[in-house]
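Participant: I'm passing along data-v6.txt; it holds compact mmCIF, C-alpha atoms.
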```txt
# COMPACT_ATOMS: atom_id res chain seq x y z
CA ALA A 298 26.31 319.72 99.21
CA THR A 299 26.93 315.99 98.86
CA PRO A 300 30.26 315.38 97.12
CA ASN A 301 30.47 313.29 93.98
CA ILE A 302 32.97 310.50 94.66
CA GLU A 303 33.87 308.33 91.67
CA ILE A 304 36.02 305.27 92.30
CA ARG A 305 38.04 303.38 89.73
CA SER A 306 39.68 300.46 91.46
CA ARG A 307 40.63 296.90 90.67
CA VAL A 308 39.35 295.99 94.13
CA LYS A 309 36.15 298.05 93.86
CA ALA A 310 33.88 295.00 94.18
CA LEU A 311 35.43 294.19 97.55
CA TYR A 312 36.41 297.56 98.94
CA GLY A 313 34.56 300.19 96.93
CA GLU A 314 32.21 301.14 99.73
CA ALA A 315 35.03 301.26 102.29
CA ILE A 316 37.08 303.53 100.00
CA LYS A 317 34.08 305.79 99.47
CA SER A 318 33.39 305.96 103.20
CA GLN A 319 37.03 306.80 103.87
CA ALA A 320 36.99 309.50 101.19
CA GLN A 321 33.98 311.11 102.84
CA GLU A 322 35.79 311.01 106.20
CA VAL A 323 38.82 312.75 104.70
CA LEU A 324 36.67 315.43 103.08
CA THR A 325 34.92 316.09 106.38
CA ALA A 326 38.15 316.13 108.40
CA CYS A 327 39.69 318.61 105.98
CA GLY A 328 36.60 320.81 105.86
CA ALA A 329 36.10 320.15 102.15
CA GLU A 330 32.72 318.39 102.14
CA ASP A 331 31.60 320.13 98.95
CA MET A 332 34.56 319.00 96.82
CA SER A 333 34.22 316.07 94.42
CA LEU A 334 36.76 313.32 93.90
CA LEU A 335 37.90 310.86 91.27
CA ILE A 336 39.87 308.06 92.96
CA GLU A 337 42.00 305.78 90.81
CA ASP A 338 43.15 302.99 93.11
CA GLU A 339 45.30 299.91 92.58
CA GLY A 340 44.93 298.36 95.99
CA ALA A 341 46.52 301.00 98.22
CA LEU A 342 46.14 300.73 101.97
CA PRO A 343 43.89 303.21 103.78
CA PHE A 344 46.71 305.41 105.13
CA THR A 345 47.96 305.90 101.56
CA ILE A 346 44.52 306.61 100.12
CA GLY A 347 43.88 309.14 102.85
CA ALA A 348 47.22 310.85 102.24
CA ARG A 349 46.67 311.04 98.49
CA ILE A 350 43.20 312.54 98.94
CA GLU A 351 44.43 315.07 101.48
CA ALA A 352 47.34 316.13 99.24
CA ALA A 353 45.01 316.53 96.25
CA LEU A 354 42.56 318.63 98.28
CA LYS A 355 45.28 320.96 99.52
CA ARG A 356 46.76 321.36 96.07
CA ALA A 357 43.34 322.18 94.64
CA ASN A 358 42.57 324.62 97.46
CA PRO A 359 45.50 325.74 99.67
CA SER A 360 43.06 327.09 102.26
CA VAL A 361 41.91 323.54 103.08
CA ASN A 362 42.92 322.67 106.64
CA GLY A 363 42.73 319.65 108.85
CA THR A 364 44.05 316.10 108.63
CA TRP A 365 42.41 312.74 108.32
CA LEU A 366 44.22 310.47 110.77
CA PRO A 367 44.22 311.62 114.39
CA SER A 368 47.48 312.18 116.21
CA ILE A 369 48.85 309.18 118.06
CA ALA A 370 50.03 308.97 121.65
CA PRO A 371 53.69 309.94 121.95
CA ARG A 372 56.02 306.99 121.49
CA LYS A 373 58.61 306.50 124.20
CA GLN A 374 61.81 307.89 122.76
CA GLY A 375 64.78 305.57 122.78
CA PRO A 376 68.08 306.58 124.38
CA GLN A 377 70.46 308.92 122.66
CA ASP A 378 73.10 306.20 122.33
CA ARG A 379 70.87 303.37 121.12
CA PRO A 380 72.44 301.03 118.50
CA ARG A 381 72.32 302.35 114.96
CA ARG A 382 74.35 299.73 113.11
CA THR A 383 71.93 299.81 110.22
CA ARG A 384 69.53 302.53 109.08
CA LEU A 385 67.26 301.48 106.22
CA TYR A 386 66.26 304.32 103.88
CA LEU A 387 62.66 304.37 102.60
CA PRO A 388 61.68 306.90 99.89
CA GLY A 389 59.07 309.15 101.47
CA ASN A 390 56.71 309.00 98.50
CA THR A 391 56.73 305.21 98.03
CA PRO A 392 54.37 303.68 100.61
CA LYS A 393 54.75 300.10 99.36
CA PHE A 394 58.19 300.09 101.00
CA PHE A 395 56.83 301.21 104.38
CA ILE A 396 54.60 298.24 105.17
CA ASN A 397 57.21 295.54 105.72
CA ALA A 398 60.21 297.75 106.51
CA GLY A 399 60.26 296.67 110.14
CA ILE A 400 60.70 292.96 109.42
CA TYR A 401 64.20 293.22 107.94
CA GLY A 402 65.93 293.71 111.27
CA ALA A 403 67.45 297.15 110.74
CA ASP A 404 68.12 299.09 113.91
CA ALA A 405 66.37 302.10 112.37
CA VAL A 406 64.18 303.01 109.42
CA ILE A 407 64.56 306.39 107.72
CA LEU A 408 61.51 307.87 106.02
CA ASP A 409 63.17 310.18 103.54
CA LEU A 410 61.67 313.54 102.58
CA GLU A 411 64.84 314.80 100.91
CA ASP A 412 66.81 313.41 97.95
CA SER A 413 64.50 310.49 97.15
CA VAL A 414 61.51 312.82 96.66
CA ALA A 415 61.25 315.10 93.61
CA PRO A 416 60.64 318.76 94.54
CA PRO A 417 57.08 318.88 93.10
CA GLU A 418 56.11 315.88 95.27
CA LYS A 419 57.49 317.01 98.62
CA ASP A 420 54.16 318.39 99.83
CA ALA A 421 52.43 315.06 99.16
CA ALA A 422 55.34 313.12 100.71
CA ARG A 423 55.00 315.07 103.96
CA ILE A 424 51.36 314.03 104.28
CA LEU A 425 52.10 310.44 103.28
CA VAL A 426 54.96 310.11 105.79
CA ARG A 427 52.83 311.67 108.53
CA ASN A 428 50.05 309.14 107.85
CA ALA A 429 52.55 306.27 107.78
CA LEU A 430 53.94 307.36 111.13
CA ARG A 431 50.42 307.19 112.55
CA ALA A 432 49.43 303.89 110.92
CA VAL A 433 52.42 301.60 110.24
CA ASP A 434 54.08 299.26 112.74
CA PHE A 435 57.84 299.42 112.22
CA LYS A 436 58.46 296.49 114.60
CA GLY A 437 60.53 298.32 117.19
CA ALA A 438 62.99 299.95 114.81
CA GLU A 439 64.01 303.50 115.66
CA ILE A 440 61.90 305.82 113.51
CA ILE A 441 63.91 308.52 111.78
CA VAL A 442 62.84 311.11 109.22
CA ARG A 443 65.33 312.85 106.95
CA ILE A 444 64.01 316.36 106.52
CA ASN A 445 64.87 319.08 103.99
CA ALA A 446 67.31 321.79 105.03
CA ASP A 447 65.33 324.38 103.06
CA SER A 448 61.91 323.50 104.53
CA LEU A 449 62.66 322.76 108.17
CA GLU A 450 59.47 324.21 109.61
CA LEU A 451 57.13 322.54 107.12
CA ASP A 452 58.77 319.15 107.54
CA LEU A 453 58.94 319.32 111.32
CA GLU A 454 55.34 320.50 111.56
CA ALA A 455 54.28 317.47 109.52
CA VAL A 456 56.17 314.80 111.43
CA ALA A 457 56.92 316.00 114.98
CA GLY A 458 54.75 314.36 117.61
CA ASN A 459 53.78 311.47 115.36
CA GLY A 460 56.11 308.83 116.74
CA VAL A 461 59.33 310.11 115.20
CA GLU A 462 62.28 309.70 117.54
CA THR A 463 65.07 311.21 115.47
CA ILE A 464 65.59 313.50 112.49
CA ILE A 465 68.47 313.60 110.03
CA VAL A 466 69.44 317.08 108.90
CA PRO A 467 71.15 316.95 105.49
CA LYS A 468 73.86 319.30 104.22
CA ALA A 469 74.85 320.20 107.78
CA GLU A 470 77.41 322.99 107.47
CA SER A 471 77.29 325.07 110.66
CA ALA A 472 76.60 324.91 114.37
CA GLU A 473 74.17 327.81 113.99
CA ALA A 474 72.02 325.81 111.57
CA MET A 475 71.92 322.92 114.07
CA ARG A 476 70.87 325.26 116.84
CA GLN A 477 68.05 326.50 114.61
CA VAL A 478 66.88 322.91 114.13
CA ASP A 479 67.17 322.31 117.88
CA ALA A 480 65.00 325.36 118.60
CA LEU A 481 62.32 324.14 116.19
CA ALA A 482 62.40 320.52 117.35
CA GLY A 483 62.55 321.29 121.06
CA GLU A 484 62.85 318.35 123.44
CA LYS A 485 60.94 316.00 121.19
CA LEU A 486 63.62 314.74 118.83
CA TRP A 487 67.19 313.54 118.64
CA ILE A 488 69.16 315.17 115.83
CA ILE A 489 71.70 313.54 113.49
CA PRO A 490 73.57 316.06 111.32
CA LEU A 491 74.55 314.65 107.93
CA ILE A 492 77.95 315.96 106.76
CA GLU A 493 77.96 316.04 102.96
CA THR A 494 80.16 318.97 101.90
CA ALA A 495 83.65 320.34 102.36
CA LYS A 496 82.18 323.17 104.42
CA GLY A 497 80.47 320.66 106.67
CA VAL A 498 83.69 318.71 107.23
CA THR A 499 85.61 321.85 108.20
CA ALA A 500 82.86 322.73 110.72
CA CYS A 501 82.16 319.21 112.01
CA VAL A 502 83.61 319.77 115.50
CA GLU A 503 81.32 322.77 116.08
CA ILE A 504 78.37 320.90 114.54
CA ALA A 505 78.87 317.87 116.78
CA ASN A 506 78.84 320.10 119.87
CA ALA A 507 76.01 322.43 118.78
CA SER A 508 73.25 320.86 120.90
CA PRO A 509 72.81 318.23 123.62
CA ARG A 510 70.07 316.76 121.40
CA ILE A 511 72.61 315.70 118.77
CA ALA A 512 72.74 311.90 118.95
CA ALA A 513 75.36 311.08 116.32
CA LEU A 514 77.31 312.52 113.41
CA SER A 515 76.75 310.95 109.99
CA VAL A 516 78.42 311.30 106.61
CA GLY A 517 77.09 311.36 103.05
CA LEU A 518 80.04 310.20 101.01
CA GLU A 519 78.67 310.47 97.47
CA ASP A 520 77.71 314.12 97.93
CA PHE A 521 81.01 314.94 99.64
CA ILE A 522 83.10 313.43 96.85
CA SER A 523 81.08 315.36 94.28
CA ASP A 524 81.42 318.57 96.30
CA ILE A 525 85.23 318.41 96.35
CA GLY A 526 85.43 317.45 92.66
CA ALA A 527 87.06 314.09 93.33
CA THR A 528 86.50 310.63 91.87
CA ALA A 529 85.43 307.77 94.11
CA SER A 530 87.89 304.89 94.41
CA PRO A 531 87.61 301.53 96.20
CA PRO A 532 90.43 302.36 98.65
CA GLY A 533 88.79 305.72 99.37
CA GLU A 534 91.91 307.92 99.46
CA GLU A 535 89.88 310.89 98.27
CA SER A 536 87.73 310.88 101.42
CA ALA A 537 90.05 309.36 104.05
CA TRP A 538 90.99 312.67 105.66
CA ALA A 539 87.39 313.88 105.82
CA LEU A 540 86.17 310.60 107.31
CA SER A 541 88.86 310.78 110.00
CA GLN A 542 87.82 314.34 110.86
CA ILE A 543 84.20 313.25 111.28
CA VAL A 544 85.20 310.34 113.52
CA ILE A 545 87.38 312.60 115.68
CA ALA A 546 84.70 315.31 115.88
CA ALA A 547 82.05 312.79 116.94
CA ARG A 548 84.24 311.09 119.51
CA SER A 549 85.37 314.41 120.98
CA ALA A 550 81.67 315.30 121.47
CA GLY A 551 80.92 311.93 123.06
CA ILE A 552 78.65 310.74 120.24
CA PRO A 553 79.08 307.94 117.68
CA PRO A 554 80.13 308.51 114.07
CA LEU A 555 77.81 306.84 111.56
CA GLY A 556 79.10 305.78 108.16
CA PRO A 557 77.71 306.28 104.65
CA MET A 558 75.57 304.19 102.35
CA PHE A 559 76.99 301.84 99.71
CA ALA A 560 75.23 302.60 96.45
CA SER A 561 75.85 299.31 94.59
CA PHE A 562 73.30 297.24 96.49
CA GLU A 563 73.98 294.12 94.39
CA ASP A 564 77.70 294.17 95.26
CA ALA A 565 77.70 292.25 98.53
CA GLU A 566 81.48 291.81 98.57
CA GLY A 567 82.09 295.53 98.01
CA LEU A 568 79.63 296.47 100.75
CA SER A 569 81.21 294.10 103.27
CA ALA A 570 84.69 295.38 102.43
CA GLN A 571 83.63 299.01 102.91
CA VAL A 572 81.89 298.26 106.21
CA ARG A 573 84.97 296.46 107.55
CA ARG A 574 87.28 299.25 106.38
CA LEU A 575 85.19 302.07 107.86
CA SER A 576 84.47 300.14 111.06
CA GLY A 577 88.23 300.00 111.42
CA LEU A 578 88.31 303.79 111.20
CA GLY A 579 85.83 304.06 114.07
CA PHE A 580 82.39 304.21 112.41
CA GLU A 581 79.61 302.44 114.31
CA GLY A 582 76.82 302.16 111.75
CA PHE A 583 75.92 302.41 108.08
CA SER A 584 73.02 303.47 105.90
CA CYS A 585 71.26 300.82 103.80
CA ILE A 586 69.36 301.52 100.60
CA HIS A 587 68.04 297.97 100.17
CA PRO A 588 66.83 295.41 102.74
CA MET A 589 69.35 292.83 101.52
CA GLN A 590 72.13 295.11 102.77
CA VAL A 591 70.97 294.92 106.41
CA PRO A 592 72.23 291.41 107.29
CA LEU A 593 75.39 291.97 105.25
CA VAL A 594 76.25 295.06 107.30
CA HIS A 595 75.50 293.26 110.56
CA ASP A 596 77.73 290.34 109.55
CA ALA A 597 80.56 292.61 108.40
CA MET A 598 80.45 294.58 111.67
CA ARG A 599 80.41 291.47 113.84
CA PRO A 600 83.85 290.63 115.28
CA SER A 601 85.36 287.29 114.37
CA ALA A 602 85.47 284.48 116.92
CA GLU A 603 89.23 285.03 117.22
CA GLU A 604 88.73 288.74 117.97
CA VAL A 605 86.12 287.94 120.60
CA ASP A 606 88.30 285.33 122.29
CA ALA A 607 91.26 287.70 122.33
CA ALA A 608 89.14 290.54 123.74
CA GLU A 609 87.81 288.29 126.51
CA ARG A 610 91.35 287.25 127.48
CA VAL A 611 92.53 290.86 127.48
CA LEU A 612 89.63 292.09 129.59
CA SER A 613 89.75 289.23 132.08
CA THR A 614 93.50 289.61 132.65
CA TYR A 615 93.30 293.39 132.87
CA ARG A 616 90.47 293.33 135.40
CA SER A 617 92.33 290.83 137.53
CA ALA A 618 95.36 293.12 137.43
CA LEU A 619 93.23 296.05 138.60
CA THR A 620 92.13 294.11 141.67
CA GLU A 621 95.81 293.66 142.47
CA GLY A 622 96.42 297.38 142.23
CA LYS A 623 98.12 297.27 138.84
CA GLY A 624 97.32 299.73 136.05
CA ALA A 625 98.77 297.69 133.20
CA VAL A 626 99.52 294.05 132.52
CA ALA A 627 101.14 291.94 129.81
CA VAL A 628 98.84 289.69 127.80
CA GLU A 629 100.46 287.32 125.31
CA GLY A 630 103.52 289.50 125.02
CA LYS A 631 101.63 292.82 124.63
CA MET A 632 101.15 295.53 127.19
CA VAL A 633 97.48 296.13 128.09
CA ASP A 634 96.31 299.31 129.83
CA ALA A 635 93.01 301.20 130.09
CA PRO A 636 92.72 302.22 126.37
CA ILE A 637 93.41 298.65 125.21
CA ALA A 638 90.85 297.33 127.70
CA ALA A 639 88.28 299.85 126.45
CA ARG A 640 88.88 298.63 122.90
CA ALA A 641 88.29 295.05 124.06
CA GLU A 642 85.00 296.13 125.66
CA ARG A 643 83.87 297.70 122.37
CA ILE A 644 84.64 294.46 120.51
CA LEU A 645 82.61 292.45 123.00
CA ARG A 646 79.67 294.86 122.81
CA ARG A 647 79.70 294.59 119.01
CA ALA A 648 79.55 290.82 119.44
CA GLY A 649 76.55 291.14 121.75
CA ARG A 650 78.45 290.07 124.84
CA THR A 651 77.85 291.52 128.29
CA VAL A 652 80.81 293.58 129.47
```
Transcribe the structure of this file into structure tokens.
Facilitator:
Amino acid sequence: ATPNIEIRSRVKALYGEAIKSQAQEVLTACGAEDMSLLIEDEGALPFTIGARIEAALKRANPSVNGTWLPSIAPRKQGPQDRPRRTRLYLPGNTPKFFINAGIYGADAVILDLEDSVAPPEKDAARILVRNALRAVDFKGAEIIVRINADSLELDLEAVAGNGVETIIVPKAESAEAMRQVDALAGEKLWIIPLIETAKGVTACVEIANASPRIAALSVGLEDFISDIGATASPPGEESAWALSQIVIAARSAGIPPLGPMFASFEDAEGLSAQVRRLSGLGFEGFSCIHPMQVPLVHDAMRPSAEEVDAAERVLSTYRSALTEGKGAVAVEGKMVDAPIAARAERILRRAGRTV
């Protein structure tokens, strides 16, 4: 039977036939040629229209199979230790944020299937994110998906093999749970556990060492503070011990610790202060919930000219001492040995200098 496809769109005069043709393609791909559609469109791009149609078909008839967009060739996965100074969160059910996400200069974009998506919309968000992964150019940013701890298999089935490089696993509380994720993800994905609870903090050493596919250890500060019944304060005394444990656990496993988001996206001064404070604790990156936070985080993480000059002097003098068979040397009245030199190298790397 020929389906009845009705289109209500403000761009119908220009794109009505293209939308109708796409709708017929989706129906055929999903094996639902006999179903009729009413499409109410406000200028959505094709990958969004296709995702919305597919979600509606599968809600109307759960036995509907198939997908509209074909799988893409596997994207070359970046290294485990690639820079993750900034990770820009994108709500998984809001495609208007996907299109230009790559232009803001974040090291990574996170398509979120968890907290930013209401439970009744998670099925549709999976399809939308999968289509975005197949259709959107994120301009070289690492592509990360935050999955749901209670629907691992469904989420991984939807996104694995579609260009995702890394997944964030929320509410990470045990090494066993991370090994379960590792078994499901196989060799395809890096894994970043997100520590958000007291239980997760107490198990963070085991979590950090649970799999060779774990690329970093991250922290969700708002959820942690709520979990322990504390009140957030600008100095952060209520979370200082937990943050230190996460840094130590990550470093002991040979992976970087990644810091939390800063919820007040209009408070540039507060964001910069938090980034500087937590960078001083050892964190190497931060989550961003708004594009305007990306350059602020980069600036706050960048060492000052004075720090760079001092690090260059330290490293140059120390390396000269090594060629003379010395293991330590005095620089401007301070003793410099291997740990101090390593710190200078980290400062120079943060400044983009070759070490």
Participant: Smallest atom-to-atom distance to Glu581 (chain A): which of A:Val544, A:Ala505, A:Leu425, A:Val323, using all atoms listed in the file?
Facilitator: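 Looking at the shortest contact to Glu581 (chain A), the residue is A:Val544.
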Participant: Please indicate the distance in Å from CA of Glu322 (chain A) to CA of Asp452 (chain A), rounded to one decimal place.
Facilitator: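 Atom-to-atom, CA of Glu322 (chain A) to CA of Asp452 (chain A), that is 24.4 Å.
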Participant: Using all atoms listed in the file, which residues sit within 10 Å of Pro388 (chain A) once same-chain residues fewer than 4 positions away are excluded, as a PyMOL selection string?
Facilitator: chain A and resi 392-395+407-414+422+426+443+586
Participant: Limited to C-alpha atoms, could you put the picked residues into a file as a compact mmCIF listing (two decimals), in the frame of the given file?
Facilitator:
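Result file follows (again11.txt):
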```
# COMPACT_ATOMS: atom_id res chain seq x y z
CA PRO A 392 54.37 303.68 100.61
CA LYS A 393 54.75 300.10 99.36
CA PHE A 394 58.19 300.09 101.00
CA PHE A 395 56.83 301.21 104.38
CA ILE A 407 64.56 306.39 107.72
CA LEU A 408 61.51 307.87 106.02
CA ASP A 409 63.17 310.18 103.54
CA LEU A 410 61.67 313.54 102.58
CA GLU A 411 64.84 314.80 100.91
CA ASP A 412 66.81 313.41 97.95
CA SER A 413 64.50 310.49 97.15
CA VAL A 414 61.51 312.82 96.66
CA ALA A 422 55.34 313.12 100.71
CA VAL A 426 54.96 310.11 105.79
CA ARG A 443 65.33 312.85 106.95
CA ILE A 586 69.36 301.52 100.60
```
Participant: Pick out the residues sitting within 9 Å of Thr651 (chain A), and hand them over as number ranges by chain; count all atoms listed in the file, and ignore anything fewer than 3 positions along from it in its own chain.
Facilitator: A: 642, 645-646
Participant: Just checking: using all atoms listed in the file, which residue out of A:Ala547, A:Ile302, A:Val605, A:Leu619 ends up closest to Ile644 (chain A)?
Facilitator: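 Smallest separation from Ile644 (chain A) among the options: A:Val605.
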Participant: From the list A:Leu366, A:Glu534, A:Pro592, A:Asp606, which residue is nearest Thr345 (chain A) when using all atoms listed in the file?
Facilitator: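 Of A:Leu366, A:Glu534, A:Pro592, A:Asp606, the one nearest Thr345 (chain A) is A:Leu366, counting all atoms listed in the file.
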Participant: Which value, in Å to one decimal, gives the distance between CA of Asp447 (chain A) and CA of Glu470 (chain A)?
Facilitator: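 Spanning CA of Asp447 (chain A) to CA of Glu470 (chain A) is a straight-line distance of 12.9 Å.
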Participant: Under the rule that all atoms listed in the file are counted, which of A:Ile304, A:Cys585, A:Val461, A:Cys327 is the nearest residue to Gly375 (chain A)?
Facilitator: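 Of the candidates, the smallest distance to Gly375 (chain A) is held by A:Val461.
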Participant: Each residue of region 547-588 of chain A lying at most 12 Å from region 536-543 of chain A should get a row with its shortest atom-to-atom pair and the distance in Å to one decimal, counting all atoms listed in the file; could you produce that, ordered by chain and increasing number, as a Markdown table?
Facilitator:
```
| residue | atom | partner | partner_atom | distance |
| --- | --- | --- | --- | --- |
| A:Ala547 | CA | A:Ile543 | CA | 6.1 |
| A:Arg548 | CA | A:Ile543 | CA | 8.5 |
| A:Ser549 | CA | A:Ile543 | CA | 9.8 |
| A:Ala550 | CA | A:Ile543 | CA | 10.7 |
| A:Ile552 | CA | A:Ile543 | CA | 10.8 |
| A:Pro553 | CA | A:Ile543 | CA | 9.8 |
| A:Pro554 | CA | A:Ile543 | CA | 6.8 |
| A:Leu555 | CA | A:Ile543 | CA | 9.1 |
| A:Gly556 | CA | A:Leu540 | CA | 8.6 |
| A:Pro557 | CA | A:Leu540 | CA | 9.9 |
| A:Arg574 | CA | A:Ala537 | CA | 10.7 |
| A:Leu575 | CA | A:Leu540 | CA | 8.6 |
| A:Ser576 | CA | A:Leu540 | CA | 11.2 |
| A:Gly577 | CA | A:Ser541 | CA | 10.9 |
| A:Leu578 | CA | A:Ser541 | CA | 7.1 |
| A:Gly579 | CA | A:Ser541 | CA | 8.4 |
| A:Phe580 | CA | A:Leu540 | CA | 9.0 |
```
Participant: From the list A:Asp479, A:Glu473, A:Asp434, A:Glu314, which residue is nearest Gly460 (chain A) when using all atoms listed in the file?
Facilitator: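 Of the candidates, the smallest distance to Gly460 (chain A) is held by A:Asp434.
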Participant: Would you be able to write out as a VMD selection string which residues have an atom within 7 Å of (31.3, 321.8, 96.0) in the file's coordinates, counting only C-alpha atoms?
Facilitator: chain A and resid 298 300 331 to 333
Participant: So, with only C-alpha atoms as the atoms that count, which of A:Ser584, A:Asn445, A:Ser471, A:Asn459 lies closest to Leu518 (chain A)?
Facilitator: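 That would be A:Ser584, the residue with the smallest distance to Leu518 (chain A).
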Participant: Taking 2 positions as the minimum chain separation for residues in the same chain, which residues sit within 6 Å of Ala438 (chain A) when counting all atoms listed in the file? Answer as a short mmCIF file (atom, residue, chain, number, x, y, z; two decimals) with C-alpha atoms, keeping the file's coordinate frame.
Facilitator:
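Wrote it out as out_9.cif, contents follow:
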```cif
data_model
loop_
_atom_site.label_atom_id
_atom_site.label_comp_id
_atom_site.auth_asym_id
_atom_site.auth_seq_id
_atom_site.Cartn_x
_atom_site.Cartn_y
_atom_site.Cartn_z
CA ASP A 404 68.12 299.09 113.91
CA ALA A 405 66.37 302.10 112.37
CA PHE A 435 57.84 299.42 112.22
CA LYS A 436 58.46 296.49 114.60
#
```
Participant: Between CA of Leu385 (chain A) and CA of Ala472 (chain A), what distance in Å does the model show, to one decimal?
Facilitator: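 Distance reported for this atom pair: 26.5 Å.
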Participant: Considering all atoms listed in the file, return as a ChimeraX atom specification whatever protein or nucleic-acid residues lie within 10 Å of Ala627 (chain A), sequence-local ones (same chain, fewer than 2 positions apart) excluded.
Facilitator: /A:611,614-615,618,625,629-634
Participant: Ile492 (chain A): which residues within 9 Å, counting all atoms listed in the file, same-chain residues fewer than 4 positions away excluded, as a ChimeraX atom specification?
Facilitator: /A:466-470,496-498,501,514-518,521,543
Participant: Using all atoms listed in the file, find each residue of region 325-427 of chain A with at least one atom at most 6 Å away from an atom of region 305-313 of chain A; report its shortest atom-to-atom pair and that distance in Å (one decimal), sort the rows by chain and rising residue number, and return the result as a tab-separated table.
Facilitator:
```
residue	atom	partner	partner_atom	distance
A:Ile336	CA	A:Arg305	CA	6.0
A:Glu337	CA	A:Arg305	CA	4.8
A:Asp338	CA	A:Ser306	CA	4.6
A:Glu339	CA	A:Ser306	CA	5.8
```
